[in-house]
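Novice: Here it is, the structure, as structure tokens.
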Amino acid sequence: MTDTIDSFAALKLPSALLSALTDVGYETPSPIQAACIPVLLAGNDLLGEAQTGTGKTAAFALPVLARLNLALKKPQALVLAPTRELAIQVAEAFQKYAKHMPGFHVLPVYGGQSMVIQLRALSRGAHVIVGTPGRVMDHLERKSLNLDALQTLILDEADEMLRMGFIDDVEWILGNTPATRQTALFSATMPEPIRRITKRYQRDPQQIKIKAATATVSTIRQRYWQVRGADKLDALTRMLEVEEDFDAAIIFVRTKLATVDLAEKLEARGMEAAALNGDMTQGLREQVIERLKNGSLDIVVATDVAARGIDVPRVSHVINYDVPYDTEAYIHRIGRTGRAGRAGSAILFVAPREMRMLKAIEGATRQKIEPISLPTAGEVAERRVAQFQEQILEVLGN
Ligand code: ADP
Ligand code: MG
């Protein structure tokens, strides 16, 4: 059990999955994957405690795929996720890992999408359903979703579903699916209501806990700037100009209003920026993420809730423009960069009176955060000249 598992093949996954993993470039299973996959393959219940960015999606998607009966076109697995964005992301991951499983169907269902489309898709049949709790409950009540053949139920980001007020819906779904099902629950934290659910609805779950600091932040360079002498907006634009290896950034602020305000100011300064907050319609939020992915947008100014779980590999920088409320929020925030094994950078703006938060974060991540100073006007000018020269050389080269 404690043997170190250093390959997906050692986890006895079917060859169709192994070749998909080779295609996506995963070399070794992450710690939570190595720990969870055998338990789920064996059909046992599981309680997984791990931070974002530890690779939870593959930890449950791979064993679910391995256990599917493709000939039976009925939902055999249901994944509940807190938001539409996460549901879509998880469904996309299933699709990716099932690349060499012809005939496989995964269907995301969430509020805000047309019922007509969803009903039609459901009637065509799918092996895996990924949905938000409210909409899944809706379909179960209407009997448009039949879970008689359900083998596995996954609760992804259970603490977030709790925070968003979905806990009753989740319990209702747990009470209205075959009691013989396997249940896996993943959560970054284990507040009491989540513990209660696992006691009531899980059978002797194997507990797997992955420590916060390890996987999450190791590839991310963390720095802070003590806010003084210049205003934050000015500091931000200067920093963005001189940062090396800059591709795209997510900037965190505390309020919805501030997302719009800062995004507008950055746009006025010539940057491709947009806001992302909980007041925007799901469709708009999705558009913003899509534009960030395809490069028509470089900067997204977001609140914690709106940005949670975003997985866009080109995000090279996370800027904590306003300090997070707690260390956990910080870890979630910076986990938006350094995705898929890439390098990432996190910069925290702290006012002198917020230095206690900095110490708390260093304690929680068990890593030092380096101080940086504001680039001088001279450095910014130098960098502009250098960039201009690069551009000219490029043009000449062509
Ligand atoms: P979590 O759900 O724990 O926040 P994800 O499942 O979203 O984490 O995975 C985070 C990122 O790591 C994704 O970009 C995913 O493709 C990548 N990833 C997951 N497992 C591996 C692995 N074994 N090797 C390399 N990259 C991985
Ligand atoms: Mg996840």
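Residues in the structure tokens are named by chain (A, B, ... in the order shown) and by number from 1 within that chain; ligands are numbered from 1 in the order shown.
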Quick one: everything within 10 Å of Leu257 (chain A), counting only C-alpha atoms, minus sequence neighbours fewer than 5 positions away in the same chain. Send it as an mmCIF file with all heavy atoms, in the first residue's frame.

Specialist:
```
data_model
loop_
_atom_site.group_PDB
_atom_site.id
_atom_site.type_symbol
_atom_site.label_atom_id
_atom_site.label_comp_id
_atom_site.auth_asym_id
_atom_site.auth_seq_id
_atom_site.Cartn_x
_atom_site.Cartn_y
_atom_site.Cartn_z
ATOM 1 N N LEU A 262 -11.180 48.120 -12.065
ATOM 2 C CA LEU A 262 -9.772 47.915 -12.412
ATOM 3 C C LEU A 262 -9.624 47.453 -13.868
ATOM 4 O O LEU A 262 -8.720 47.905 -14.579
ATOM 5 C CB LEU A 262 -9.130 46.909 -11.444
ATOM 6 C CG LEU A 262 -7.639 46.663 -11.621
ATOM 7 C CD1 LEU A 262 -6.841 47.961 -11.503
ATOM 8 C CD2 LEU A 262 -7.117 45.652 -10.590
ATOM 9 N N ALA A 275 -13.262 41.944 -16.710
ATOM 10 C CA ALA A 275 -13.657 41.567 -15.350
ATOM 11 C C ALA A 275 -14.289 40.181 -15.349
ATOM 12 O O ALA A 275 -14.826 39.726 -16.360
ATOM 13 C CB ALA A 275 -14.648 42.593 -14.805
ATOM 14 N N ASN A 277 -16.740 38.261 -12.504
ATOM 15 C CA ASN A 277 -17.330 38.242 -11.164
ATOM 16 C C ASN A 277 -18.671 37.538 -11.154
ATOM 17 O O ASN A 277 -19.235 37.214 -12.199
ATOM 18 C CB ASN A 277 -17.451 39.671 -10.613
ATOM 19 C CG ASN A 277 -18.451 40.494 -11.398
ATOM 20 O OD1 ASN A 277 -19.585 40.072 -11.616
ATOM 21 N ND2 ASN A 277 -18.029 41.673 -11.846
ATOM 22 N N ASP A 279 -21.581 38.471 -10.529
ATOM 23 C CA ASP A 279 -22.770 39.160 -11.031
ATOM 24 C C ASP A 279 -22.974 38.936 -12.526
ATOM 25 O O ASP A 279 -24.055 39.167 -13.050
ATOM 26 C CB ASP A 279 -22.642 40.674 -10.813
ATOM 27 C CG ASP A 279 -23.052 41.057 -9.405
ATOM 28 O OD1 ASP A 279 -23.517 40.155 -8.676
ATOM 29 O OD2 ASP A 279 -22.894 42.231 -9.032
ATOM 30 N N THR A 303 -12.859 38.123 -8.758
ATOM 31 C CA THR A 303 -13.064 37.847 -7.334
ATOM 32 C C THR A 303 -12.720 36.383 -7.092
ATOM 33 O O THR A 303 -12.646 35.594 -8.020
ATOM 34 C CB THR A 303 -14.536 38.076 -6.949
ATOM 35 O OG1 THR A 303 -15.354 37.328 -7.847
ATOM 36 C CG2 THR A 303 -14.905 39.545 -7.010
#
```

Novice: Quick one: residues within 8 Å of ligand 2, with only C-alpha atoms and all ligand atoms, as a ChimeraX atom specification?

Specialist: /A:52-53,55-57,86,90,156-157,309

Novice: Using only C-alpha atoms, which of the listed residues (A:Leu107, A:Leu18, A:Met357, A:Ile220) sits closest to Gly125 (chain A)?

Specialist: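 For Gly125 (chain A), the nearest of the candidates is A:Leu107.
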
Novice: Find the residue from A:Leu41, A:Ile88, A:Ala249, A:Val128 that sits nearest to ligand 1; use only C-alpha atoms and all ligand atoms when measuring.

Specialist: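 Using only C-alpha atoms and all ligand atoms, the shortest distance to ligand 1 belongs to A:Ile88.
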
Novice: Mind checking DSSP for region 142-382 of chain A and telling me the alpha helix (DSSP H) residues as a PyMOL selection string?

Specialist: chain A and resi 142+158-163+167-175+192-201+212-217+232-242+256-268+282-294+304-307+327-334+355-365+377-382

Novice: Neighbours of Arg254 (chain A) within 12 Å (only C-alpha atoms; same-chain residues fewer than 4 positions away dropped), as a PDB file with C-alpha atoms, in the first residue's frame?

Specialist:
```pdb
ATOM      1  CA  ALA A 258     -13.427  46.537  -8.120  1.00  0.00           C
ATOM      2  CA  THR A 259     -13.197  43.887 -10.864  1.00  0.00           C
ATOM      3  CA  VAL A 260     -15.045  46.159 -13.285  1.00  0.00           C
ATOM      4  CA  ASP A 261     -13.299  49.304 -12.135  1.00  0.00           C
ATOM      5  CA  LEU A 262      -9.772  47.915 -12.412  1.00  0.00           C
ATOM      6  CA  LEU A 276     -14.860  38.224 -14.028  1.00  0.00           C
ATOM      7  CA  ASN A 277     -17.330  38.242 -11.164  1.00  0.00           C
ATOM      8  CA  GLY A 278     -20.358  36.505  -9.764  1.00  0.00           C
ATOM      9  CA  VAL A 301      -9.614  40.868 -12.954  1.00  0.00           C
ATOM     10  CA  ALA A 302     -11.555  38.516 -10.712  1.00  0.00           C
ATOM     11  CA  THR A 303     -13.064  37.847  -7.334  1.00  0.00           C
ATOM     12  CA  ASP A 304     -12.159  34.654  -5.485  1.00  0.00           C
ATOM     13  CA  VAL A 305     -15.432  32.904  -6.145  1.00  0.00           C
ATOM     14  CA  ALA A 306     -15.559  33.732  -9.848  1.00  0.00           C
ATOM     15  CA  ALA A 307     -12.003  32.550 -10.494  1.00  0.00           C
ATOM     16  CA  ASN A 320      -3.010  39.575  -5.439  1.00  0.00           C
ATOM     17  CA  TYR A 321      -3.981  43.202  -5.886  1.00  0.00           C
ATOM     18  CA  ASP A 322      -6.023  43.051  -2.688  1.00  0.00           C
ATOM     19  CA  VAL A 323      -4.802  40.644  -0.014  1.00  0.00           C
ATOM     20  CA  PRO A 324      -6.888  37.473   0.334  1.00  0.00           C
ATOM     21  CA  TYR A 325      -9.100  36.951   3.391  1.00  0.00           C
ATOM     22  CA  ALA A 329      -7.895  31.733  -0.420  1.00  0.00           C
TER      23      ALA A 329
END
```

Novice: Restricting the calculation to only C-alpha atoms: of A:Glu85, A:Asp23, A:Glu241, A:Glu171, which residue gets closest to Val130 (chain A)?

Specialist: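 Residue with the minimum atom-to-atom distance to Val130 (chain A): A:Glu85.
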
Novice: Which residues are close to Pro313 (chain A), i.e. within 9 Å by only C-alpha atoms, leaving aside same-chain residues fewer than 5 positions away? Reply as a list in words.

Specialist: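 Residues meeting the cut-off are Lys293, Arg336, Thr337, Gly338, Arg339, Ala340, Gly341 and Arg342 of chain A.
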
Novice: For the residues in the current selection, export N, CA, C and O atoms as a PDB file, in the first residue's frame.

Specialist:
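Dumped everything to part_25.pdb:
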```pdb
ATOM      1  N   LYS A 293      -8.242  31.921 -22.731  1.00  0.00           N
ATOM      2  CA  LYS A 293      -7.622  30.710 -23.281  1.00  0.00           C
ATOM      3  C   LYS A 293      -7.056  30.959 -24.671  1.00  0.00           C
ATOM      4  O   LYS A 293      -5.950  30.577 -24.975  1.00  0.00           O
ATOM      5  N   ARG A 336      -4.037  29.215  -9.736  1.00  0.00           N
ATOM      6  CA  ARG A 336      -4.500  29.496 -11.111  1.00  0.00           C
ATOM      7  C   ARG A 336      -3.320  29.602 -12.073  1.00  0.00           C
ATOM      8  O   ARG A 336      -3.495  29.646 -13.287  1.00  0.00           O
ATOM      9  N   THR A 337      -2.095  29.699 -11.525  1.00  0.00           N
ATOM     10  CA  THR A 337      -0.921  29.698 -12.401  1.00  0.00           C
ATOM     11  C   THR A 337      -0.098  28.449 -12.085  1.00  0.00           C
ATOM     12  O   THR A 337      -0.455  27.674 -11.219  1.00  0.00           O
ATOM     13  N   GLY A 338       0.988  28.256 -12.847  1.00  0.00           N
ATOM     14  CA  GLY A 338       1.788  27.052 -12.645  1.00  0.00           C
ATOM     15  C   GLY A 338       0.993  25.813 -12.976  1.00  0.00           C
ATOM     16  O   GLY A 338       1.169  24.762 -12.372  1.00  0.00           O
ATOM     17  N   ARG A 339       0.067  25.921 -13.940  1.00  0.00           N
ATOM     18  CA  ARG A 339      -0.783  24.784 -14.291  1.00  0.00           C
ATOM     19  C   ARG A 339      -0.019  23.824 -15.187  1.00  0.00           C
ATOM     20  O   ARG A 339       0.871  24.223 -15.928  1.00  0.00           O
ATOM     21  N   ALA A 340      -0.429  22.568 -15.117  1.00  0.00           N
ATOM     22  CA  ALA A 340       0.100  21.536 -16.015  1.00  0.00           C
ATOM     23  C   ALA A 340       1.628  21.540 -16.039  1.00  0.00           C
ATOM     24  O   ALA A 340       2.248  21.429 -17.086  1.00  0.00           O
ATOM     25  N   GLY A 341       2.215  21.713 -14.862  1.00  0.00           N
ATOM     26  CA  GLY A 341       3.668  21.628 -14.749  1.00  0.00           C
ATOM     27  C   GLY A 341       4.445  22.821 -15.271  1.00  0.00           C
ATOM     28  O   GLY A 341       5.666  22.810 -15.293  1.00  0.00           O
ATOM     29  N   ARG A 342       3.739  23.881 -15.714  1.00  0.00           N
ATOM     30  CA  ARG A 342       4.453  25.075 -16.200  1.00  0.00           C
ATOM     31  C   ARG A 342       4.918  25.923 -15.025  1.00  0.00           C
ATOM     32  O   ARG A 342       4.444  25.776 -13.909  1.00  0.00           O
TER      33      ARG A 342
END
```

Novice: Given only C-alpha atoms as the basis, pick out the residue of A:Ser316, A:Gln76, A:Thr237, A:Ser144 nearest to Val380 (chain A).

Specialist: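 Ranking A:Ser316, A:Gln76, A:Thr237, A:Ser144 by distance to Val380 (chain A), first place goes to A:Thr237.
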
Novice: Which residues in region 205-299 of chain A does DSSP call strand (DSSP E)? List them as JSON, numbers by chain.

Specialist: {"A": [206, 207, 208, 209, 220, 221, 222, 223, 224, 225, 226, 248, 249, 250, 251, 252, 273, 274, 275, 276, 299]}

Novice: Would you mind exporting N, CA and C atoms of the selected residues as a compact mmCIF listing (two decimals), in the first residue's frame?

Specialist:
```txt
# COMPACT_ATOMS: atom_id res chain seq x y z
N GLN A 206 -12.30 5.21 2.68
CA GLN A 206 -10.84 5.32 2.87
C GLN A 206 -10.51 6.80 2.91
N GLN A 207 -9.77 7.22 3.91
CA GLN A 207 -9.46 8.64 4.00
C GLN A 207 -8.08 8.92 3.42
N ILE A 208 -8.05 9.88 2.51
CA ILE A 208 -6.79 10.23 1.89
C ILE A 208 -6.59 11.72 2.02
N LYS A 209 -5.45 12.08 2.60
CA LYS A 209 -5.23 13.49 2.84
C LYS A 209 -3.89 13.87 2.23
N ILE A 220 5.62 27.54 -8.33
CA ILE A 220 5.22 28.95 -8.45
C ILE A 220 6.21 29.84 -7.69
N ARG A 221 6.73 30.82 -8.38
CA ARG A 221 7.62 31.78 -7.75
C ARG A 221 6.76 32.82 -7.04
N GLN A 222 6.97 32.97 -5.74
CA GLN A 222 6.12 33.88 -4.98
C GLN A 222 6.88 35.11 -4.51
N ARG A 223 6.33 36.27 -4.80
CA ARG A 223 6.95 37.53 -4.38
C ARG A 223 5.90 38.45 -3.79
N TYR A 224 6.34 39.42 -3.01
CA TYR A 224 5.39 40.42 -2.53
C TYR A 224 5.96 41.81 -2.69
N TRP A 225 5.07 42.77 -2.81
CA TRP A 225 5.47 44.17 -2.86
C TRP A 225 4.74 44.92 -1.77
N GLN A 226 5.51 45.63 -0.93
CA GLN A 226 4.87 46.39 0.12
C GLN A 226 4.37 47.71 -0.45
N ALA A 248 -0.12 35.74 -19.53
CA ALA A 248 -1.45 36.19 -19.14
C ALA A 248 -1.52 36.24 -17.62
N ALA A 249 -2.44 37.07 -17.10
CA ALA A 249 -2.52 37.22 -15.65
C ALA A 249 -3.95 37.18 -15.15
N ILE A 250 -4.11 36.66 -13.95
CA ILE A 250 -5.37 36.84 -13.23
C ILE A 250 -5.06 37.74 -12.05
N ILE A 251 -5.82 38.81 -11.94
CA ILE A 251 -5.62 39.78 -10.87
C ILE A 251 -6.78 39.67 -9.90
N PHE A 252 -6.47 39.44 -8.63
CA PHE A 252 -7.53 39.26 -7.64
C PHE A 252 -7.81 40.54 -6.86
N ALA A 273 -7.92 43.64 -21.07
CA ALA A 273 -8.35 43.19 -19.75
C ALA A 273 -9.87 43.09 -19.67
N ALA A 274 -10.35 42.21 -18.83
CA ALA A 274 -11.79 42.08 -18.61
C ALA A 274 -12.06 41.64 -17.18
N ALA A 275 -13.26 41.94 -16.71
CA ALA A 275 -13.66 41.57 -15.35
C ALA A 275 -14.29 40.18 -15.35
N LEU A 276 -14.19 39.52 -14.20
CA LEU A 276 -14.86 38.22 -14.03
C LEU A 276 -15.42 38.22 -12.61
N ILE A 299 -5.56 39.73 -19.50
CA ILE A 299 -5.71 40.00 -18.07
C ILE A 299 -7.17 39.84 -17.66
```
